[in-house]
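Q: For reference, the structure I am asking about is given below.
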Amino acid sequence: MKRAATYLRSSKDRSDVSIDSQRRELAALAADRGIVIVEEFADAVESGKSEHRPAFQRLLHDLKRSDRGWDTILVTDTSRLSRRRYVAQALSHECAKRNVQIVFSKVPEVDPISQVILESVLQAMDEVHSLMSREKGLAGMRENVHRGWRAGGRAPWGYQLAHHDTGTTRDGEPVRKTTLEPNNDAHQARRYLQARAAGSPRAEAMRQCGIDRNPSSMIGIEWNALTYAGHTVWNVHETRAGGGYKGGRKRRPREDWVVQRDTHEALITEPEAEAILSALDTNPHRMRSTSGTYLLSGLLVTPDGKPWTGTSVQRNGATYRYYRAKGKRLPADQVDGAILEQVLGDMRSASFIRALTRETRRAAEQSAGDPAADLRTQLVGINEQIDKLMGMATQMTDPGPALRRADTMEAERKALAEEISRIEAEHSQHAALAHVTEDQVREILDGLAGDHDTLDSGQLRALLRSLLERIEIDPASNECRVSYAIPCADVGANMASPRGFEPLLPP
């Protein structure tokens, strides 16, 4: 009498065949053919696209054992084994080598030659079904993103998921979609990302913001910079192939990312996000740049919004720095110098001083209220919990757990109190600006303009990002437009003669 092992698999697809249904079908098949089932391998909620399934791997391991105790594998259909032809064919080859027969309950018995053709056709159909299902799933995710919904996944640090009813039901349950909203960590996340955009080293930015994490974990947060700028971003990561990523890169090129703008509250500005992404750029055809190398990273774009990225080339022992966009290179030192000269000149103009004074007063007046109100409510709650824990500890035989929990909450209370103090100090300083005068603003700007050559690169970048929204340079004409973050006249200028902007080296 034949002895068999069964292999059962279900996927995440709600319309997929359940494990119990497959078990009943294979039991009936075994009874009909006089086969005794001695072992079962079952993978629940596992995709058939991958061979890295726990029970499937155990099946492969036991297949190679001489004392396995079975000579037949019962499966409902070819798709249960795999939706990848090479995996199914490899298993069939291993079974043939070890004289183990695979029997499918839904595949008719035919002659050996027809069996080979039939199984090949079914395996190809399984793979086509898998690819079609994947495309449908990706299309659904893309549509969700275009409508401003999340395509799935956890909320990034500084945000939490907000759930919304869509008004439709599926299988009797309401369908809900998610967006992002800031949580209690938003203040800390904003400060960290702004520090990184301004050029602070990662370790220094973490220290300044009181972040106790593995520094490498912050790299993924920085790659999410566009999300922190208020946009929903999808299709960033490359598909996995074998043990790594397709093409050897974890992330697709920026032009392949799907970005739906202004879907949730932003924690940083878009120029700040671009500065962070520029610093993370790891194009193998250029030397890796840092935000400290390129003054205008994140601010400099083409008229259609494509960033000019910093790149450097070494030749004859010298390093040449450029901004590159759409196949055009401009010498970075010349561009930085021309922009800085233009901005410093504008800072001394009467119209600029008048506009900056007006916007400073308006922003200060709009900041009335208590910006730390939510944090104060949290602080009250933590204090109440600590009091309860201490009261419980006095009545417990072993107060250790309650006291340890109280110690943990005390650390949280201290960090929250420090954050409230910082916000209060910033708010007080900001509120005082409601009465600033044009003469005071002129004095401050004159001081900044006069002392700009004493500022380090990080301080100079922070100054420019506080004043500018974007700088557009047309790669075709070298024509430049400087857009300020305050409502005043933008400045358009041809930054230099065509000869002055020709790259020093051939592209």
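Labeling convention for the structure tokens: chains A, B, ... as they appear, residues from 1 per chain, ligands from 1 in order of appearance.
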When you look at Glu438 (chain A) with a cut-off of 7 Å (counting only C-alpha atoms), what residues show up, excluding the ones that are within fewer than 5 positions of it in the same chain? I need them as a list of chain:residue names.

A: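 Here the qualifying residues turn out to be A:Ile353, A:Arg354, A:Thr357.
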
Q: Mind the document's chain letters and residue numbers, and return as a ChimeraX atom specification the residues of region 154-286 of chain A that DSSP labels strand (DSSP E).

A: /A:159-170,173-182,232-234,240-241,244-245,258-260

Q: Excluding region 202-209 of chain A and its own-chain neighbours fewer than 3 positions away, which residues fall within 12 Å of it when counting only C-alpha atoms? Please give them as a PyMOL selection string.

A: chain A and resi 185-199+212-219+221-222+276+279-280+290-291+415+418-419+422

Q: Within 7 Å of region 55-66 of chain A, counting only C-alpha atoms, which residues show up once you throw out same-chain ones fewer than 5 positions away? Write them as a list of chain:residue names, please.

A: A:Phe41, A:Ala42, A:Asp43

Q: Would you kindly return, as JSON, numbers by chain, each protein, DNA or RNA residue with an atom no farther than 7 Å from any atom of region 306-321 of chain A, considering only C-alpha atoms and excluding same-chain residues fewer than 2 positions away?

A: {"A": [278, 286, 287, 289, 294, 297, 300, 301, 302, 304, 323, 324, 325, 331, 332]}

Q: Take CA of Glu472 (chain A) and CA of Leu226 (chain A) and report the distance between them in Å, one decimal.

A: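 One can read the CA of Glu472 (chain A) to CA of Leu226 (chain A) distance as 19.3 Å.
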
Q: What's around region 346-350 of chain A at 10 Å? Count only C-alpha atoms, leave out sequence neighbours fewer than 5 positions away in its own chain, and write the answer as a PDB file with all heavy atoms, in the first residue's frame.

A:
```
ATOM      1  N   LEU A 340      24.487  83.586  -4.204  1.00  0.00           N
ATOM      2  CA  LEU A 340      24.741  84.236  -2.918  1.00  0.00           C
ATOM      3  C   LEU A 340      24.843  85.756  -3.092  1.00  0.00           C
ATOM      4  O   LEU A 340      24.291  86.520  -2.288  1.00  0.00           O
ATOM      5  CB  LEU A 340      26.025  83.673  -2.307  1.00  0.00           C
ATOM      6  CG  LEU A 340      26.316  84.057  -0.855  1.00  0.00           C
ATOM      7  CD1 LEU A 340      25.170  83.650   0.056  1.00  0.00           C
ATOM      8  CD2 LEU A 340      27.614  83.408  -0.392  1.00  0.00           C
ATOM      9  N   GLU A 341      25.510  86.195  -4.153  1.00  0.00           N
ATOM     10  CA  GLU A 341      25.620  87.631  -4.417  1.00  0.00           C
ATOM     11  C   GLU A 341      24.242  88.246  -4.643  1.00  0.00           C
ATOM     12  O   GLU A 341      23.934  89.334  -4.142  1.00  0.00           O
ATOM     13  CB  GLU A 341      26.511  87.857  -5.628  1.00  0.00           C
ATOM     14  CG  GLU A 341      26.724  89.331  -5.963  1.00  0.00           C
ATOM     15  CD  GLU A 341      27.619  89.515  -7.178  1.00  0.00           C
ATOM     16  OE1 GLU A 341      28.098  88.496  -7.726  1.00  0.00           O
ATOM     17  OE2 GLU A 341      27.819  90.669  -7.585  1.00  0.00           O
ATOM     18  N   ALA A 355       8.771  93.599   3.208  1.00  0.00           N
ATOM     19  CA  ALA A 355       8.023  92.336   3.100  1.00  0.00           C
ATOM     20  C   ALA A 355       8.364  91.392   4.248  1.00  0.00           C
ATOM     21  O   ALA A 355       7.483  90.744   4.826  1.00  0.00           O
ATOM     22  CB  ALA A 355       8.329  91.664   1.763  1.00  0.00           C
ATOM     23  N   LEU A 356       9.652  91.311   4.609  1.00  0.00           N
ATOM     24  CA  LEU A 356      10.063  90.415   5.691  1.00  0.00           C
ATOM     25  C   LEU A 356       9.491  90.896   7.028  1.00  0.00           C
ATOM     26  O   LEU A 356       9.045  90.079   7.851  1.00  0.00           O
ATOM     27  CB  LEU A 356      11.587  90.345   5.762  1.00  0.00           C
ATOM     28  CG  LEU A 356      12.165  89.395   6.818  1.00  0.00           C
ATOM     29  CD1 LEU A 356      11.634  87.987   6.635  1.00  0.00           C
ATOM     30  CD2 LEU A 356      13.696  89.395   6.761  1.00  0.00           C
ATOM     31  N   GLU A 438      10.910  97.759  10.985  1.00  0.00           N
ATOM     32  CA  GLU A 438      11.725  97.642   9.782  1.00  0.00           C
ATOM     33  C   GLU A 438      13.186  97.960  10.087  1.00  0.00           C
ATOM     34  O   GLU A 438      14.095  97.354   9.517  1.00  0.00           O
ATOM     35  CB  GLU A 438      11.193  98.565   8.682  1.00  0.00           C
ATOM     36  CG  GLU A 438       9.872  98.094   8.093  1.00  0.00           C
ATOM     37  CD  GLU A 438       9.450  98.927   6.902  1.00  0.00           C
ATOM     38  OE1 GLU A 438      10.312  99.622   6.322  1.00  0.00           O
ATOM     39  OE2 GLU A 438       8.253  98.883   6.531  1.00  0.00           O
ATOM     40  N   VAL A 441      14.726  94.865  11.582  1.00  0.00           N
ATOM     41  CA  VAL A 441      14.941  93.845  10.551  1.00  0.00           C
ATOM     42  C   VAL A 441      16.127  94.228   9.668  1.00  0.00           C
ATOM     43  O   VAL A 441      16.972  93.392   9.330  1.00  0.00           O
ATOM     44  CB  VAL A 441      13.662  93.666   9.699  1.00  0.00           C
ATOM     45  CG1 VAL A 441      13.952  92.767   8.486  1.00  0.00           C
ATOM     46  CG2 VAL A 441      12.544  93.072  10.531  1.00  0.00           C
ATOM     47  N   ARG A 442      16.213  95.525   9.303  1.00  0.00           N
ATOM     48  CA  ARG A 442      17.326  95.984   8.465  1.00  0.00           C
ATOM     49  C   ARG A 442      18.665  95.757   9.185  1.00  0.00           C
ATOM     50  O   ARG A 442      19.646  95.315   8.569  1.00  0.00           O
ATOM     51  CB  ARG A 442      17.160  97.468   8.138  1.00  0.00           C
ATOM     52  CG  ARG A 442      18.297  98.015   7.248  1.00  0.00           C
ATOM     53  CD  ARG A 442      18.125  99.500   6.946  1.00  0.00           C
ATOM     54  NE  ARG A 442      16.950  99.730   6.123  1.00  0.00           N
ATOM     55  CZ  ARG A 442      15.810 100.232   6.564  1.00  0.00           C
ATOM     56  NH1 ARG A 442      15.684 100.569   7.861  1.00  0.00           N
ATOM     57  NH2 ARG A 442      14.789 100.430   5.762  1.00  0.00           N
ATOM     58  N   GLU A 443      18.698  96.032  10.466  1.00  0.00           N
ATOM     59  CA  GLU A 443      19.926  95.846  11.230  1.00  0.00           C
ATOM     60  C   GLU A 443      20.341  94.375  11.260  1.00  0.00           C
ATOM     61  O   GLU A 443      21.522  94.043  11.103  1.00  0.00           O
ATOM     62  CB  GLU A 443      19.734  96.375  12.654  1.00  0.00           C
ATOM     63  CG  GLU A 443      20.991  96.301  13.514  1.00  0.00           C
ATOM     64  CD  GLU A 443      20.774  96.860  14.912  1.00  0.00           C
ATOM     65  OE1 GLU A 443      19.694  97.447  15.166  1.00  0.00           O
ATOM     66  OE2 GLU A 443      21.678  96.709  15.748  1.00  0.00           O
ATOM     67  N   LEU A 445      19.488  92.012   9.046  1.00  0.00           N
ATOM     68  CA  LEU A 445      19.894  91.586   7.711  1.00  0.00           C
ATOM     69  C   LEU A 445      21.245  92.155   7.323  1.00  0.00           C
ATOM     70  O   LEU A 445      22.055  91.475   6.675  1.00  0.00           O
ATOM     71  CB  LEU A 445      18.828  91.990   6.690  1.00  0.00           C
ATOM     72  CG  LEU A 445      17.481  91.267   6.806  1.00  0.00           C
ATOM     73  CD1 LEU A 445      16.504  91.785   5.767  1.00  0.00           C
ATOM     74  CD2 LEU A 445      17.657  89.760   6.655  1.00  0.00           C
ATOM     75  N   ASP A 446      21.505  93.402   7.687  1.00  0.00           N
ATOM     76  CA  ASP A 446      22.824  93.986   7.411  1.00  0.00           C
ATOM     77  C   ASP A 446      23.922  93.185   8.111  1.00  0.00           C
ATOM     78  O   ASP A 446      24.999  92.958   7.544  1.00  0.00           O
ATOM     79  CB  ASP A 446      22.874  95.442   7.878  1.00  0.00           C
ATOM     80  CG  ASP A 446      22.173  96.390   6.911  1.00  0.00           C
ATOM     81  OD1 ASP A 446      21.913  95.967   5.763  1.00  0.00           O
ATOM     82  OD2 ASP A 446      21.859  97.530   7.300  1.00  0.00           O
ATOM     83  N   LEU A 448      23.785  89.980   8.975  1.00  0.00           N
ATOM     84  CA  LEU A 448      23.931  88.686   8.308  1.00  0.00           C
ATOM     85  C   LEU A 448      24.680  88.831   6.994  1.00  0.00           C
ATOM     86  O   LEU A 448      25.562  88.034   6.671  1.00  0.00           O
ATOM     87  CB  LEU A 448      22.551  88.072   8.061  1.00  0.00           C
ATOM     88  CG  LEU A 448      21.810  87.529   9.281  1.00  0.00           C
ATOM     89  CD1 LEU A 448      20.388  87.110   8.904  1.00  0.00           C
ATOM     90  CD2 LEU A 448      22.553  86.332   9.874  1.00  0.00           C
ATOM     91  N   ALA A 449      24.311  89.864   6.220  1.00  0.00           N
ATOM     92  CA  ALA A 449      24.968  90.055   4.929  1.00  0.00           C
ATOM     93  C   ALA A 449      26.441  90.405   5.110  1.00  0.00           C
ATOM     94  O   ALA A 449      27.305  89.931   4.359  1.00  0.00           O
ATOM     95  CB  ALA A 449      24.255  91.156   4.145  1.00  0.00           C
ATOM     96  N   LEU A 467      15.284  81.754   3.857  1.00  0.00           N
ATOM     97  CA  LEU A 467      14.868  82.867   3.011  1.00  0.00           C
ATOM     98  C   LEU A 467      14.265  82.416   1.681  1.00  0.00           C
ATOM     99  O   LEU A 467      13.374  83.083   1.148  1.00  0.00           O
ATOM    100  CB  LEU A 467      16.071  83.776   2.719  1.00  0.00           C
ATOM    101  CG  LEU A 467      16.719  84.484   3.915  1.00  0.00           C
ATOM    102  CD1 LEU A 467      17.979  85.211   3.457  1.00  0.00           C
ATOM    103  CD2 LEU A 467      15.747  85.458   4.556  1.00  0.00           C
ATOM    104  N   ASP A 490       9.837  88.043  -6.973  1.00  0.00           N
ATOM    105  CA  ASP A 490      10.902  87.111  -7.316  1.00  0.00           C
ATOM    106  C   ASP A 490      11.904  87.825  -8.214  1.00  0.00           C
ATOM    107  O   ASP A 490      11.608  88.832  -8.842  1.00  0.00           O
ATOM    108  CB  ASP A 490      10.333  85.893  -8.046  1.00  0.00           C
ATOM    109  CG  ASP A 490       9.466  85.059  -7.120  1.00  0.00           C
ATOM    110  OD1 ASP A 490       9.587  85.241  -5.898  1.00  0.00           O
ATOM    111  OD2 ASP A 490       8.663  84.269  -7.634  1.00  0.00           O
ATOM    112  N   VAL A 491      13.080  87.297  -8.252  1.00  0.00           N
ATOM    113  CA  VAL A 491      14.153  87.925  -9.012  1.00  0.00           C
ATOM    114  C   VAL A 491      14.536  87.022 -10.163  1.00  0.00           C
ATOM    115  O   VAL A 491      14.873  85.860  -9.953  1.00  0.00           O
ATOM    116  CB  VAL A 491      15.385  88.178  -8.118  1.00  0.00           C
ATOM    117  CG1 VAL A 491      16.500  88.829  -8.917  1.00  0.00           C
ATOM    118  CG2 VAL A 491      15.000  89.039  -6.914  1.00  0.00           C
TER     119      VAL A 491
END
```

Q: Excluding Ala88 (chain A) and its own-chain neighbours fewer than 4 positions away, which residues fall within 9 Å of it when counting only C-alpha atoms? Please give them as a list in words.

A: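 Using only C-alpha atoms, the neighbours found are Thr78, Ser79, Leu81, Ser82, Arg83, Arg84, Ser92, His93 and Gln123 of chain A.
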
Q: Region 418-488 of chain A: which residues are alpha helix (DSSP H) by DSSP, as a compact mmCIF listing (two decimals) with N, CA and C atoms, in the first residue's frame?

A:
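Contents of selection39.txt, freshly written:
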```txt
# COMPACT_ATOMS: atom_id res chain seq x y z
N GLU A 418 10.85 68.47 29.22
CA GLU A 418 11.92 69.20 28.53
C GLU A 418 11.44 69.70 27.18
N GLU A 419 10.65 68.89 26.47
CA GLU A 419 10.12 69.31 25.17
C GLU A 419 9.16 70.48 25.33
N ILE A 420 8.35 70.46 26.38
CA ILE A 420 7.43 71.57 26.64
C ILE A 420 8.21 72.85 26.93
N SER A 421 9.28 72.74 27.72
CA SER A 421 10.10 73.92 28.03
C SER A 421 10.73 74.49 26.77
N ARG A 422 11.21 73.62 25.88
CA ARG A 422 11.81 74.09 24.64
C ARG A 422 10.78 74.82 23.78
N ILE A 423 9.57 74.22 23.66
CA ILE A 423 8.52 74.84 22.85
C ILE A 423 8.10 76.19 23.44
N GLU A 424 8.01 76.26 24.76
CA GLU A 424 7.65 77.52 25.42
C GLU A 424 8.68 78.61 25.13
N ALA A 425 9.97 78.25 25.19
CA ALA A 425 11.02 79.24 24.93
C ALA A 425 10.95 79.73 23.49
N GLU A 426 10.75 78.81 22.56
CA GLU A 426 10.63 79.20 21.16
C GLU A 426 9.40 80.08 20.94
N HIS A 427 8.31 79.73 21.60
CA HIS A 427 7.07 80.50 21.44
C HIS A 427 7.22 81.92 21.99
N SER A 428 7.90 82.04 23.12
CA SER A 428 8.12 83.37 23.70
C SER A 428 8.94 84.25 22.77
N GLN A 429 10.00 83.66 22.22
CA GLN A 429 10.84 84.41 21.28
C GLN A 429 10.04 84.80 20.04
N HIS A 430 9.22 83.87 19.55
CA HIS A 430 8.43 84.12 18.34
C HIS A 430 7.38 85.20 18.60
N ALA A 431 6.74 85.16 19.76
CA ALA A 431 5.69 86.13 20.08
C ALA A 431 6.25 87.55 20.14
N ALA A 432 7.49 87.68 20.57
CA ALA A 432 8.09 89.01 20.68
C ALA A 432 8.26 89.66 19.31
N GLU A 438 10.91 97.76 10.98
CA GLU A 438 11.73 97.64 9.78
C GLU A 438 13.19 97.96 10.09
N ASP A 439 13.43 98.91 10.96
CA ASP A 439 14.81 99.25 11.32
C ASP A 439 15.51 98.07 11.99
N GLN A 440 14.77 97.36 12.86
CA GLN A 440 15.36 96.19 13.52
C GLN A 440 15.66 95.09 12.50
N VAL A 441 14.73 94.86 11.58
CA VAL A 441 14.94 93.85 10.55
C VAL A 441 16.13 94.23 9.67
N ARG A 442 16.21 95.52 9.30
CA ARG A 442 17.33 95.98 8.46
C ARG A 442 18.67 95.76 9.18
N GLU A 443 18.70 96.03 10.47
CA GLU A 443 19.93 95.85 11.23
C GLU A 443 20.34 94.37 11.26
N ILE A 444 19.35 93.51 11.45
CA ILE A 444 19.65 92.07 11.49
C ILE A 444 20.17 91.60 10.13
N LEU A 445 19.49 92.01 9.05
CA LEU A 445 19.89 91.59 7.71
C LEU A 445 21.24 92.15 7.32
N ASP A 446 21.51 93.40 7.69
CA ASP A 446 22.82 93.99 7.41
C ASP A 446 23.92 93.19 8.11
N GLY A 447 23.63 92.78 9.35
CA GLY A 447 24.60 91.98 10.08
C GLY A 447 24.86 90.64 9.43
N LEU A 448 23.79 89.98 8.98
CA LEU A 448 23.93 88.69 8.31
C LEU A 448 24.68 88.83 6.99
N ALA A 449 24.31 89.86 6.22
CA ALA A 449 24.97 90.05 4.93
C ALA A 449 26.44 90.41 5.11
N GLY A 450 26.73 91.23 6.11
CA GLY A 450 28.11 91.63 6.31
C GLY A 450 28.99 90.53 6.87
N SER A 457 29.57 76.40 6.42
CA SER A 457 28.69 75.98 5.34
C SER A 457 27.30 75.60 5.85
N GLY A 458 27.24 74.96 7.01
CA GLY A 458 25.94 74.57 7.55
C GLY A 458 25.10 75.77 7.92
N GLN A 459 25.72 76.79 8.54
CA GLN A 459 24.99 78.00 8.91
C GLN A 459 24.53 78.77 7.68
N LEU A 460 25.37 78.79 6.65
CA LEU A 460 25.02 79.51 5.43
C LEU A 460 23.86 78.81 4.71
N ARG A 461 23.87 77.49 4.69
CA ARG A 461 22.75 76.74 4.08
C ARG A 461 21.47 77.00 4.86
N ALA A 462 21.55 76.99 6.19
CA ALA A 462 20.36 77.24 7.01
C ALA A 462 19.80 78.63 6.72
N LEU A 463 20.68 79.63 6.55
CA LEU A 463 20.24 80.99 6.24
C LEU A 463 19.49 81.01 4.91
N LEU A 464 20.08 80.40 3.88
CA LEU A 464 19.44 80.41 2.56
C LEU A 464 18.11 79.69 2.58
N ARG A 465 18.02 78.58 3.31
CA ARG A 465 16.76 77.83 3.34
C ARG A 465 15.68 78.56 4.12
N SER A 466 16.07 79.44 5.02
CA SER A 466 15.07 80.22 5.75
C SER A 466 14.52 81.35 4.88
N LEU A 467 15.28 81.75 3.86
CA LEU A 467 14.87 82.87 3.01
C LEU A 467 14.26 82.42 1.68
```

Q: Find, counting only C-alpha atoms, the residue in A:Ser21, A:Thr227, A:Asn99, A:Thr179 that gets nearest to Trp157 (chain A).

A: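 Using only C-alpha atoms, the shortest distance to Trp157 (chain A) belongs to A:Thr227.
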
Q: Between CA of Trp149 (chain A) and CA of Ala266 (chain A), what is the distance, to one decimal in Å?

A: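 Between CA of Trp149 (chain A) and CA of Ala266 (chain A) the gap is 15.3 Å.
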